[in-house]
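The block underneath contains the structure these notes are about, expressed in C-alpha cells.
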Amino acid sequence: MTQRLIQLLLLVTLASTWGLVQSSAGWTVAGALLAVTLWAFLDGIRARRLMNWLSTADTDQNPKLSGVWAELFESTRKVVKRLERKTQSSNARLDNFLAAIQESPNGVTLLDAASRIEWVNLTAAHQLGLDPQKDIGQYIQNLVRSPIFKTYLSGENFTAEIQIGGIGARPSVPSKISVQIHPYGKKRKLMLTRDVTAVELANTMRSDFVANVSHEIRTPLTVLSGFVETMQNIPVTETERQHYLGLMSQQAQRMQMLVSDLLTLSRLEGSPAPGKGDWIPAEELLSTAMQESRALSTVIAQPPQAIRQMDGPDFSISGNKSELHSAMSNLLNNAVRYTPGGGSIQAGWCLRPDGWAEFFVKDSGPGIAAEHLPRLTERFYRVDRSRSRETGGTGLGLAIVKHVAQRHGGQLDVKSTVGKGSTFSMTLPPSRVQLVNSTEPIIAALSGSEQD
Ligand SMILES: Nc1ncnc2c1ncn2[C@@H]1O[C@H](COP(=O)(O)OP(=O)(O)O)[C@@H](O)[C@H]1O
Ligand SMILES: [Mg+2]
C-alpha cells in the first residue's frame, strides 16, 4: 500500500515539477490532475482485468497484472482454488453417498416440500414403476396412483408404514410394497420402500400351514374323543368294544403318521443338504421299497396289484439313504394306495443318456387331471381327499419327495392321463450317480467313453 502511495506521489510530483519548469501555477495543477487521472485510468484497466477474470474464475488463464493488483489476484486465485477443491470433494462425497443409496436393497425416494421427486434410486424406481431420470420433478402422487398412498401422503401421520401394490415381475403376480415416509428438513420427505411380497407370502403360507395341521389333527381327535365318551357313558358289548378300539387305534395311527411326516419335513427343511460321501446301490434302495409296497398292497388292495420291479443298469447313488428311501416309498405307496386292486404298478431305476438317474413309478390307476399337477407337491393338497384319508394318507408325501429330490440336486416330475394312470419320477443329477465298478461320478465316466 505504501509502495502505491509513493508511486502516486512520485507521479504527481513529476507532473507538478513539469508545471514548475513551465513556471506556471496552472500547468502545475493541470500536471498533477493529469497524473492522478492517468493513475486512476491505469488502475481502472487492472481492476477490469481482475473483474473479467473473476467472472470466469478460470485458474488456468492468469490476467496480466502487477503490483498490488497482482497480489490481490494471487490471493483471490488461492481462495478460488481452495473453494474449487472443497466443491470437488463435496461433489465426490455426494456421488459416493448417492452410489451407496443406489445399492441399497430398499427403495429410496427424496421428495421436496411439494412432494415432487428430487431423486430416486433404481430399486424404488423398479418397485414403483418410475423413471429415475424423466420423473424427476414430477409429483409423486401423479405417478403412484394407489388411493391408500394418496391418503397417506396427504395426511400428517407417517408413524406407521403402509402397503401398496407394486409392479410385479409379471402383471399376473403383482408385488406388495411397504412404504414409509420420514419427514426431514423443511417439509422434505424421505420415502423408503421395501418389497414384502415374499414375506407376505411366507406369512400366508405359515398361517395356512398351521390351520391345515390343526384341521388334520382335529378330525382324528374328534373321532377318538367321541368313542371315548361313548365307551364311558354307554354300556357296550365285547364285540362293540373291540370294534371301537380298532377304530380308535386307526385314528391314533393317523395322528402318529401325521406327526412323523411333519417331523420328516421339518428335518428336511432344517438340515444341510446331504453331502456326496455315501454311495448306496440303487438296486438295494429299490428292493427294500418294493418289499414294503408289496406288503402294503396285500393289506389294502383287493386283490393286490401286480407290482413289477423293472431291471436297469447297475449303479450307485450318492446321498442320504433314509431320505432316498422315504422318497421312494412315498411314490410306491401312493401308487399302491391310489391304484385300484388288481391294477399294475411298475417301478425301477434307469439311466438317461445325459447321465441323470431316474427312479420311476408307473401305475395303471385313475390318473390325475392336468389342473391338479402343479399343486400336487403342496402340503396337504389332495386330489381325492376321501381316498387319501381312507388309505391313511397325510397329504405330505409328495412334499417330502420333492424336498428330498431338491436337496439331492434333482427334481420330481409327474406325467399323468386321467383314466390311464400316472408316472412319477424322481431324477438325480449325474454328479450323484456312479456306475458299479467305477470310482468316479457317471458324468466323468460318460465323457471318458465319448473320448474313446
Ligand atoms: N399314483 C397316484 N395316482 C393318483 N393320484 C395320486 C397318486 N399319487 C398321488 N396322488 C394324488 O396326490 C395327492 C397328494 O399325494 P401325497 O402328497 O402323497 O398325499 P397323500 O397323503 O394324500 O397320499 C394324493 O392325495 C392323491 O390325490
Ligand atoms: Mg402319499
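Naming scheme: A, B, ... for chains in displayed order of the C-alpha cells; residues 1 onward per chain; ligands 1 onward as shown.
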
Name the residues in contact with Gln434 in chain A at a cut-off of 8 Å, using only C-alpha atoms, excluding same-chain residues fewer than 3 positions from it; report them as a short mmCIF file (atom, residue, chain, number, x, y, z; two decimals) with N, CA and C atoms, in the first residue's frame.
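As a result, selection-v7.cif now contains:
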```cif
data_model
loop_
_atom_site.label_atom_id
_atom_site.label_comp_id
_atom_site.auth_asym_id
_atom_site.auth_seq_id
_atom_site.Cartn_x
_atom_site.Cartn_y
_atom_site.Cartn_z
N PHE A 315 -25.91 -99.24 -10.82
CA PHE A 315 -25.19 -98.02 -10.42
C PHE A 315 -25.50 -97.68 -8.97
N SER A 316 -24.70 -96.80 -8.43
CA SER A 316 -24.90 -96.37 -7.04
C SER A 316 -25.29 -94.90 -7.01
N ILE A 317 -25.98 -94.55 -5.94
CA ILE A 317 -26.43 -93.17 -5.77
C ILE A 317 -25.73 -92.59 -4.55
N SER A 318 -25.32 -91.35 -4.67
CA SER A 318 -24.72 -90.71 -3.51
C SER A 318 -25.76 -89.82 -2.85
N PRO A 430 -26.13 -86.23 -12.54
CA PRO A 430 -25.01 -87.16 -12.81
C PRO A 430 -23.95 -87.15 -11.72
N SER A 431 -23.77 -86.00 -11.04
CA SER A 431 -22.73 -85.95 -10.01
C SER A 431 -23.04 -86.88 -8.84
N SER A 438 -16.94 -98.54 -10.83
CA SER A 438 -16.27 -97.29 -11.20
C SER A 438 -16.10 -96.48 -9.91
N THR A 439 -15.12 -95.59 -9.90
CA THR A 439 -14.92 -94.82 -8.66
C THR A 439 -15.23 -93.34 -8.89
N GLU A 440 -15.72 -93.01 -10.06
CA GLU A 440 -16.00 -91.61 -10.32
C GLU A 440 -17.47 -91.42 -10.73
N PRO A 441 -18.02 -90.20 -10.52
CA PRO A 441 -19.40 -89.97 -10.92
C PRO A 441 -19.60 -90.25 -12.41
N ILE A 442 -20.84 -90.57 -12.75
CA ILE A 442 -21.14 -91.03 -14.11
C ILE A 442 -20.72 -90.05 -15.20
#
```

- Message: as a list in words, please: the residues near Gly185 in chain A (cut-off 12 Å, only C-alpha atoms, same-chain neighbours under 2 positions excluded).
- Response: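 Once the nearby chain positions are removed, what remains is Leu110, Leu111, Asp112, Ala113, His182, Pro183, Lys187, Arg188, Lys189 and Leu190 of chain A.
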
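Among all protein and nucleic acid residues, the ones that lie within 7 Å of ligand 2 when counting only C-alpha atoms and all ligand atoms are A:Asn330, A:Asn333, A:Asn334, A:Gly393, A:Thr394, A:Gly395, A:Leu396, A:Gly397, A:Leu398.
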
Filtering to N, CA and C atoms, could you give me those residues as a PDB file, in the first residue's frame?
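Saved the output as result08.pdb:
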```pdb
ATOM      1  N   ASN A 330     -42.622 -93.324  -0.554  1.00  0.00           N
ATOM      2  CA  ASN A 330     -43.786 -92.453  -0.715  1.00  0.00           C
ATOM      3  C   ASN A 330     -44.389 -92.592  -2.102  1.00  0.00           C
ATOM      4  N   ASN A 333     -45.848 -96.197  -2.378  1.00  0.00           N
ATOM      5  CA  ASN A 333     -47.064 -96.346  -1.557  1.00  0.00           C
ATOM      6  C   ASN A 333     -48.231 -95.584  -2.163  1.00  0.00           C
ATOM      7  N   ASN A 334     -47.958 -94.422  -2.745  1.00  0.00           N
ATOM      8  CA  ASN A 334     -49.032 -93.682  -3.421  1.00  0.00           C
ATOM      9  C   ASN A 334     -49.621 -94.528  -4.547  1.00  0.00           C
ATOM     10  N   GLY A 393     -53.438 -91.555   4.118  1.00  0.00           N
ATOM     11  CA  GLY A 393     -52.526 -90.520   3.588  1.00  0.00           C
ATOM     12  C   GLY A 393     -52.507 -89.298   4.489  1.00  0.00           C
ATOM     13  N   THR A 394     -51.363 -88.629   4.515  1.00  0.00           N
ATOM     14  CA  THR A 394     -51.271 -87.423   5.344  1.00  0.00           C
ATOM     15  C   THR A 394     -51.325 -86.154   4.486  1.00  0.00           C
ATOM     16  N   GLY A 395     -51.202 -86.319   3.190  1.00  0.00           N
ATOM     17  CA  GLY A 395     -51.176 -85.143   2.304  1.00  0.00           C
ATOM     18  C   GLY A 395     -49.802 -84.497   2.270  1.00  0.00           C
ATOM     19  N   LEU A 396     -48.802 -85.162   2.873  1.00  0.00           N
ATOM     20  CA  LEU A 396     -47.457 -84.558   2.921  1.00  0.00           C
ATOM     21  C   LEU A 396     -46.442 -85.357   2.102  1.00  0.00           C
ATOM     22  N   GLY A 397     -46.888 -86.528   1.610  1.00  0.00           N
ATOM     23  CA  GLY A 397     -45.950 -87.442   0.938  1.00  0.00           C
ATOM     24  C   GLY A 397     -45.172 -86.804  -0.208  1.00  0.00           C
ATOM     25  N   LEU A 398     -45.890 -86.203  -1.149  1.00  0.00           N
ATOM     26  CA  LEU A 398     -45.201 -85.651  -2.328  1.00  0.00           C
ATOM     27  C   LEU A 398     -44.374 -84.420  -1.971  1.00  0.00           C
TER      28      LEU A 398
END
```

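In this comparison, which uses only C-alpha atoms and all ligand atoms, the residue of A:Arg432, A:Gln305, A:Asp195, A:Asp261 approaching ligand 1 most closely is A:Asp261.
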
- Message: Could you list the protein, DNA and RNA residues that have any atom within 9 Å of ligand 1, counting only C-alpha atoms and all ligand atoms, and write them as JSON, numbers by chain?
- Response: {"A": [330, 331, 332, 333, 334, 335, 336, 337, 338, 339, 361, 362, 363, 364, 365, 366, 367, 368, 372, 373, 375, 376, 377, 378, 379, 380, 381, 382, 383, 384, 385, 386, 387, 388, 389, 391, 392, 393, 394, 395, 396, 397, 398, 399, 400, 401, 416, 418, 421, 422, 423, 424]}

- Task: Using DSSP on the backbone coordinates, identify the residues of range 144-360 of chain A assigned to helix (DSSP H, G or I); present them as JSON, numbers by chain.
- Result: {"A": [147, 148, 149, 150, 151, 152, 153, 154, 197, 198, 199, 200, 201, 202, 203, 204, 205, 206, 207, 208, 209, 210, 211, 212, 213, 214, 215, 216, 217, 218, 219, 220, 221, 222, 223, 224, 225, 226, 227, 228, 229, 230, 231, 232, 233, 238, 239, 240, 241, 242, 243, 244, 245, 246, 247, 248, 249, 250, 251, 252, 253, 254, 255, 256, 257, 258, 259, 260, 261, 262, 263, 264, 265, 266, 267, 268, 269, 270, 282, 283, 284, 285, 286, 287, 288, 289, 290, 291, 292, 293, 294, 295, 296, 297, 298, 299, 300, 321, 322, 323, 324, 325, 326, 327, 328, 329, 330, 331, 332, 333, 334, 335, 336, 337, 338]}

- Item | Near-range 120-123 of chain A list (6 Å; only C-alpha atoms; drop same-chain fewer than 6 positions) as a ChimeraX atom specification | /A:102,107-109,132

- A:Asn52, A:Gln302, A:Thr230, A:Thr288 ranked by distance to Lys321 in chain A, top pick (using only C-alpha atoms): A:Thr288

Surrounding residues of Gln256 in chain A excluding itself and chain neighbours under 3 positions, 12 Å, only C-alpha atoms, as a PDB file with N, CA and C atoms, in the first residue's frame:
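This went into selection-v3.pdb:
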```pdb
ATOM      1  N   GLU A 216     -56.102 -81.158  10.328  1.00  0.00           N
ATOM      2  CA  GLU A 216     -55.761 -82.573  10.150  1.00  0.00           C
ATOM      3  C   GLU A 216     -55.769 -83.304  11.482  1.00  0.00           C
ATOM      4  N   ILE A 217     -55.342 -82.639  12.537  1.00  0.00           N
ATOM      5  CA  ILE A 217     -55.274 -83.293  13.846  1.00  0.00           C
ATOM      6  C   ILE A 217     -56.649 -83.329  14.505  1.00  0.00           C
ATOM      7  N   PRO A 220     -59.105 -86.659  13.487  1.00  0.00           N
ATOM      8  CA  PRO A 220     -58.970 -87.926  14.246  1.00  0.00           C
ATOM      9  C   PRO A 220     -59.203 -87.741  15.740  1.00  0.00           C
ATOM     10  N   LEU A 221     -58.848 -86.557  16.266  1.00  0.00           N
ATOM     11  CA  LEU A 221     -59.052 -86.315  17.702  1.00  0.00           C
ATOM     12  C   LEU A 221     -60.525 -86.343  18.059  1.00  0.00           C
ATOM     13  N   SER A 249     -57.755 -97.042  17.408  1.00  0.00           N
ATOM     14  CA  SER A 249     -56.338 -97.268  17.108  1.00  0.00           C
ATOM     15  C   SER A 249     -55.995 -96.749  15.712  1.00  0.00           C
ATOM     16  N   GLN A 250     -56.945 -96.893  14.769  1.00  0.00           N
ATOM     17  CA  GLN A 250     -56.737 -96.356  13.404  1.00  0.00           C
ATOM     18  C   GLN A 250     -56.494 -94.849  13.449  1.00  0.00           C
ATOM     19  N   GLN A 251     -57.347 -94.154  14.226  1.00  0.00           N
ATOM     20  CA  GLN A 251     -57.227 -92.685  14.317  1.00  0.00           C
ATOM     21  C   GLN A 251     -55.910 -92.276  14.975  1.00  0.00           C
ATOM     22  N   ALA A 252     -55.542 -93.055  16.025  1.00  0.00           N
ATOM     23  CA  ALA A 252     -54.286 -92.741  16.707  1.00  0.00           C
ATOM     24  C   ALA A 252     -53.113 -92.916  15.741  1.00  0.00           C
ATOM     25  N   GLN A 253     -53.205 -93.971  14.914  1.00  0.00           N
ATOM     26  CA  GLN A 253     -52.146 -94.223  13.926  1.00  0.00           C
ATOM     27  C   GLN A 253     -52.056 -93.076  12.922  1.00  0.00           C
ATOM     28  N   VAL A 259     -47.758 -86.730  12.508  1.00  0.00           N
ATOM     29  CA  VAL A 259     -46.652 -86.150  13.282  1.00  0.00           C
ATOM     30  C   VAL A 259     -45.317 -86.602  12.686  1.00  0.00           C
ATOM     31  N   SER A 260     -45.248 -87.881  12.306  1.00  0.00           N
ATOM     32  CA  SER A 260     -43.987 -88.398  11.767  1.00  0.00           C
ATOM     33  C   SER A 260     -43.640 -87.687  10.442  1.00  0.00           C
ATOM     34  N   ASP A 261     -44.647 -87.496   9.574  1.00  0.00           N
ATOM     35  CA  ASP A 261     -44.386 -86.797   8.298  1.00  0.00           C
ATOM     36  C   ASP A 261     -44.011 -85.331   8.533  1.00  0.00           C
ATOM     37  N   LEU A 262     -44.685 -84.719   9.508  1.00  0.00           N
ATOM     38  CA  LEU A 262     -44.359 -83.317   9.823  1.00  0.00           C
ATOM     39  C   LEU A 262     -42.914 -83.205  10.306  1.00  0.00           C
ATOM     40  N   LEU A 263     -42.512 -84.166  11.147  1.00  0.00           N
ATOM     41  CA  LEU A 263     -41.140 -84.151  11.656  1.00  0.00           C
ATOM     42  C   LEU A 263     -40.139 -84.371  10.519  1.00  0.00           C
ATOM     43  N   GLY A 392     -55.013 -93.792   4.674  1.00  0.00           N
ATOM     44  CA  GLY A 392     -54.048 -93.321   5.677  1.00  0.00           C
ATOM     45  C   GLY A 392     -53.059 -92.295   5.164  1.00  0.00           C
ATOM     46  N   GLY A 393     -53.438 -91.555   4.118  1.00  0.00           N
ATOM     47  CA  GLY A 393     -52.526 -90.520   3.588  1.00  0.00           C
ATOM     48  C   GLY A 393     -52.507 -89.298   4.489  1.00  0.00           C
ATOM     49  N   THR A 394     -51.363 -88.629   4.515  1.00  0.00           N
ATOM     50  CA  THR A 394     -51.271 -87.423   5.344  1.00  0.00           C
ATOM     51  C   THR A 394     -51.325 -86.154   4.486  1.00  0.00           C
TER      52      THR A 394
END
```

- Pick out the closest residue to Arg116 in chain A from this set: A:Leu65, A:Ser90, A:Val144, A:Phe360. Count only C-alpha atoms.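 Smallest distance to Arg116 in chain A is found for A:Val144.
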
- Message: Ranking A:Ala35, A:Leu72, A:Met290, A:Ala125 by minimum distance to Gln346 in chain A and counting only C-alpha atoms, which one comes first?
- Response: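 Among the listed residues, the smallest separation from Gln346 in chain A belongs to A:Met290.
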
- Query: Mind checking DSSP for range 202-409 of chain A and telling me the strand (DSSP E) residues as a ChimeraX atom specification?
  - Reply: /A:279-281,306-310,315-318,344-351,357-363

- Find the residues near Gly312 in chain A: any atom within 9 Å, counting only C-alpha atoms, skip ones fewer than 3 places away on the same chain, and give them as a VMD selection string. chain A and resid 283 315 348 to 351

- Message: Using Å and a single decimal, report how far CA of Arg46 in chain A sits from CA of Phe73 in chain A.
- Response: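 Going from CA of Phe73 in chain A over to CA of Arg46 in chain A covers 10.1 Å.
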
- Query: In Å, with one decimal, what is the gap from CA of Ala15 in chain A to CA of Val68 in chain A?
  - Reply: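 CA of Val68 in chain A lies 22.8 Å from CA of Ala15 in chain A.
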
- Residues at most 9 Å from Gln138 in chain A, counting only C-alpha atoms, excluding those fewer than 3 positions away in the same chain, as a list in words?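 My reading of the contact set: Ser115, Arg116, Ile117, Glu118, Lys134, Asp135, Gln141, Asn142 and Leu143 of chain A.
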
Please write the residues from the selection above to a file, keeping N, CA and C atoms, as a PDB file, in the first residue's frame.
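Full text of part-v8.pdb as output:
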```pdb
ATOM      1  N   SER A 115     -43.871 -32.475  -2.500  1.00  0.00           N
ATOM      2  CA  SER A 115     -43.919 -33.903  -2.857  1.00  0.00           C
ATOM      3  C   SER A 115     -43.535 -34.174  -4.304  1.00  0.00           C
ATOM      4  N   ARG A 116     -42.629 -33.337  -4.841  1.00  0.00           N
ATOM      5  CA  ARG A 116     -42.093 -33.625  -6.177  1.00  0.00           C
ATOM      6  C   ARG A 116     -40.838 -34.464  -5.988  1.00  0.00           C
ATOM      7  N   ILE A 117     -40.606 -35.369  -6.953  1.00  0.00           N
ATOM      8  CA  ILE A 117     -39.454 -36.268  -6.818  1.00  0.00           C
ATOM      9  C   ILE A 117     -38.161 -35.490  -7.061  1.00  0.00           C
ATOM     10  N   GLU A 118     -37.243 -35.543  -6.084  1.00  0.00           N
ATOM     11  CA  GLU A 118     -35.945 -34.894  -6.268  1.00  0.00           C
ATOM     12  C   GLU A 118     -34.893 -35.902  -6.705  1.00  0.00           C
ATOM     13  N   LYS A 134     -36.478 -39.315 -16.069  1.00  0.00           N
ATOM     14  CA  LYS A 134     -37.573 -38.495 -16.612  1.00  0.00           C
ATOM     15  C   LYS A 134     -38.561 -38.038 -15.545  1.00  0.00           C
ATOM     16  N   ASP A 135     -38.716 -38.821 -14.501  1.00  0.00           N
ATOM     17  CA  ASP A 135     -39.731 -38.484 -13.500  1.00  0.00           C
ATOM     18  C   ASP A 135     -39.242 -37.527 -12.415  1.00  0.00           C
ATOM     19  N   GLN A 141     -47.603 -38.195  -6.302  1.00  0.00           N
ATOM     20  CA  GLN A 141     -48.994 -38.688  -6.257  1.00  0.00           C
ATOM     21  C   GLN A 141     -49.588 -38.879  -7.654  1.00  0.00           C
ATOM     22  N   ASN A 142     -48.956 -38.239  -8.671  1.00  0.00           N
ATOM     23  CA  ASN A 142     -49.442 -38.438 -10.043  1.00  0.00           C
ATOM     24  C   ASN A 142     -48.897 -39.729 -10.631  1.00  0.00           C
ATOM     25  N   LEU A 143     -47.834 -40.242 -10.034  1.00  0.00           N
ATOM     26  CA  LEU A 143     -47.198 -41.435 -10.599  1.00  0.00           C
ATOM     27  C   LEU A 143     -47.539 -42.699  -9.809  1.00  0.00           C
TER      28      LEU A 143
END
```

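CA of Arg93 in chain A is positioned 26.2 Å from CA of Gln180 in chain A.
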
- Message: Which residues are near Ile162 in chain A? Cut-off 9 Å, only C-alpha atoms, ignore same chain within fewer than 4 positions. Put them as a ChimeraX atom specification.
- Response: /A:148-149,152,177-180

- Message: Here is a test: counting only C-alpha atoms, which residue of A:Met310, A:Leu258, A:Leu38, A:Ala124 is nearest to Asn212 in chain A?
- Response: A:Leu258
